[in-house]
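Structure file work14.pdb with PDB, C-alpha atoms:
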```
ATOM      1  CA  MET A   1      12.288 -18.687 -45.668
ATOM      2  CA  ARG A   2      14.957 -16.856 -43.800
ATOM      3  CA  LYS A   3      16.034 -13.278 -44.330
ATOM      4  CA  VAL A   4      19.770 -12.642 -44.111
ATOM      5  CA  LYS A   5      21.946  -9.852 -45.485
ATOM      6  CA  GLU A   6      22.148 -11.721 -48.807
ATOM      7  CA  GLY A   7      18.345 -11.689 -49.045
ATOM      8  CA  GLU A   8      15.821 -14.423 -48.442
ATOM      9  CA  THR A   9      17.224 -17.934 -48.438
ATOM     10  CA  THR A  10      15.725 -21.391 -48.109
ATOM     11  CA  ASN A  11      17.571 -23.494 -45.556
ATOM     12  CA  ASN A  12      17.284 -27.116 -44.524
ATOM     13  CA  LEU A  13      17.389 -26.944 -40.734
ATOM     14  CA  PHE A  14      16.919 -29.497 -37.999
ATOM     15  CA  GLY A  15      17.199 -29.737 -34.263
ATOM     16  CA  PHE A  16      17.312 -32.429 -31.659
ATOM     17  CA  LEU A  17      16.217 -32.737 -28.073
ATOM     18  CA  THR A  18      18.804 -33.519 -25.408
ATOM     19  CA  THR A  19      18.701 -34.877 -21.884
ATOM     20  CA  ASP A  20      21.134 -35.840 -19.158
ATOM     21  CA  PRO A  21      23.706 -38.391 -20.356
ATOM     22  CA  ASN A  22      23.623 -42.040 -19.389
ATOM     23  CA  ALA A  23      26.820 -43.751 -18.170
ATOM     24  CA  GLU A  24      28.246 -44.491 -21.636
ATOM     25  CA  VAL A  25      27.646 -41.027 -23.112
ATOM     26  CA  GLY A  26      28.585 -39.280 -19.867
ATOM     27  CA  ALA A  27      32.074 -40.792 -20.074
ATOM     28  CA  VAL A  28      32.572 -38.929 -23.369
ATOM     29  CA  HIS A  29      30.262 -35.922 -23.043
ATOM     30  CA  PRO A  30      29.196 -35.189 -19.459
ATOM     31  CA  LYS A  31      26.653 -32.456 -20.240
ATOM     32  CA  ALA A  32      24.021 -34.078 -22.450
ATOM     33  CA  MET A  33      22.993 -36.777 -24.878
ATOM     34  CA  PRO A  34      20.313 -36.785 -27.559
ATOM     35  CA  VAL A  35      16.968 -38.265 -26.680
ATOM     36  CA  ILE A  36      16.725 -41.601 -28.503
ATOM     37  CA  LEU A  37      13.371 -43.215 -29.188
ATOM     38  CA  THR A  38      13.818 -46.971 -29.479
ATOM     39  CA  THR A  39      10.398 -48.442 -30.271
ATOM     40  CA  PRO A  40       7.584 -47.729 -32.708
ATOM     41  CA  GLU A  41       5.340 -47.045 -29.695
ATOM     42  CA  GLU A  42       7.718 -44.333 -28.425
ATOM     43  CA  ILE A  43       7.828 -42.723 -31.865
ATOM     44  CA  GLU A  44       4.039 -42.751 -32.106
ATOM     45  CA  ALA A  45       3.717 -41.262 -28.608
ATOM     46  CA  TRP A  46       6.238 -38.541 -29.456
ATOM     47  CA  LEU A  47       4.267 -37.560 -32.548
ATOM     48  CA  THR A  48       0.715 -37.877 -31.248
ATOM     49  CA  ALA A  49       0.507 -37.875 -27.436
ATOM     50  CA  PRO A  50      -0.386 -34.808 -25.397
ATOM     51  CA  THR A  51       2.685 -32.707 -24.609
ATOM     52  CA  ALA A  52       2.950 -33.733 -20.954
ATOM     53  CA  GLU A  53       2.947 -37.416 -21.928
ATOM     54  CA  ALA A  54       5.335 -37.011 -24.871
ATOM     55  CA  LEU A  55       7.848 -35.078 -22.763
ATOM     56  CA  LYS A  56       8.188 -38.079 -20.430
ATOM     57  CA  LEU A  57      10.232 -39.559 -23.292
ATOM     58  CA  GLN A  58      12.878 -36.867 -22.700
ATOM     59  CA  ARG A  59      15.090 -39.158 -20.649
ATOM     60  CA  PRO A  60      18.455 -40.834 -21.056
ATOM     61  CA  LEU A  61      18.604 -44.415 -22.231
ATOM     62  CA  PRO A  62      19.212 -46.884 -19.406
ATOM     63  CA  HIS A  63      22.849 -47.464 -18.466
ATOM     64  CA  GLY A  64      24.182 -50.286 -20.634
ATOM     65  CA  ALA A  65      21.757 -49.617 -23.512
ATOM     66  CA  LEU A  66      24.529 -48.199 -25.719
ATOM     67  CA  LYS A  67      27.762 -49.874 -26.714
ATOM     68  CA  ILE A  68      31.040 -48.002 -27.220
ATOM     69  CA  VAL A  69      32.477 -49.369 -30.458
ATOM     70  CA  THR A  70      35.711 -47.406 -30.730
ATOM     71  CA  ARG A  71      38.065 -45.361 -28.587
ATOM     72  CA  GLY A  72      41.109 -43.258 -29.249
ATOM     73  CA  VAL A  73      42.077 -40.042 -30.920
ATOM     74  CA  ARG A  74      39.918 -39.055 -33.868
ATOM     75  CA  LYS A  75      41.780 -38.849 -37.153
ATOM     76  CA  ASP A  76      39.938 -37.011 -39.898
ATOM     77  CA  GLU A  77      41.124 -37.298 -43.450
ATOM     78  CA  ALA A  78      41.179 -33.602 -44.294
TER      79      ALA A  78
END
```

Show me this structure written as structure tokens.
Amino acid sequence: MRKVKEGETTNNLFGFLTTDPNAEVGAVHPKAMPVILTTPEEIEAWLTAPTAEALKLQRPLPHGALKIVTRGVRKDEA
């Protein structure tokens, strides 16, 4: 529950953890990229490992792990 001037509301909220960008993301957004877990073992460690161990997963993907699939000016159909 969240209390705002309209009263209590129920909101669906989420967050994500970021880290330094790898080469591909850094070319588009030089400040940060989301942490991406790529294996079932990483997901399990994130959910169950002690904090110090889980936080080792807060790292960029290796350079070359992502593929840019489009470039150009974004055109939204508004």

Identify all residues satisfying the PyMOL selection byres ((chain A and resi 64-77) around 8) in the given file; provide them as a PyMOL selection string. chain A and resi 23-24+61-63+78

Of the listed residues A:Thr9, A:Glu44, A:Asn22, A:Pro30, that which approaches A:Pro60 most closely, counting all atoms listed in the file: A:Asn22

Could you please determine the separation between atom CA of A:Val28 and atom CA of A:Trp46 in Å, to one decimal place?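 Between these atoms lies a distance of 27.0 Å.
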
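Across A:Thr48, A:Arg59, A:Glu6, A:Glu42, the tightest approach to A:Thr19 is made by A:Arg59 when counting only C-alpha atoms.
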
Between atom CA of A:Gly15 and atom CA of A:Pro34, what is the distance in Å, rounded to a tenth?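 Answer for the atom CA of A:Gly15 to atom CA of A:Pro34 separation: 10.2 Å.
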
Taking every listed atom of stretch 52-71 of chain A and adding 3 Å to each side, what centre and edge lengths in Å (one decimal) does the axis-aligned box have, as JSON?
```
{"center_x": 20.5, "center_y": -42.0, "center_z": -24.6, "size_x": 41.1, "size_y": 22.6, "size_z": 18.3}
```

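In this structure, atom CA of A:Ala45 sits 11.8 Å away from atom CA of A:Gln58.
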
Which residues match the PyMOL selection byres ((chain A and resi 31) around 10) in the file above, as an MDAnalysis selection string? chainID A and resid 18:21 25:30 32:33
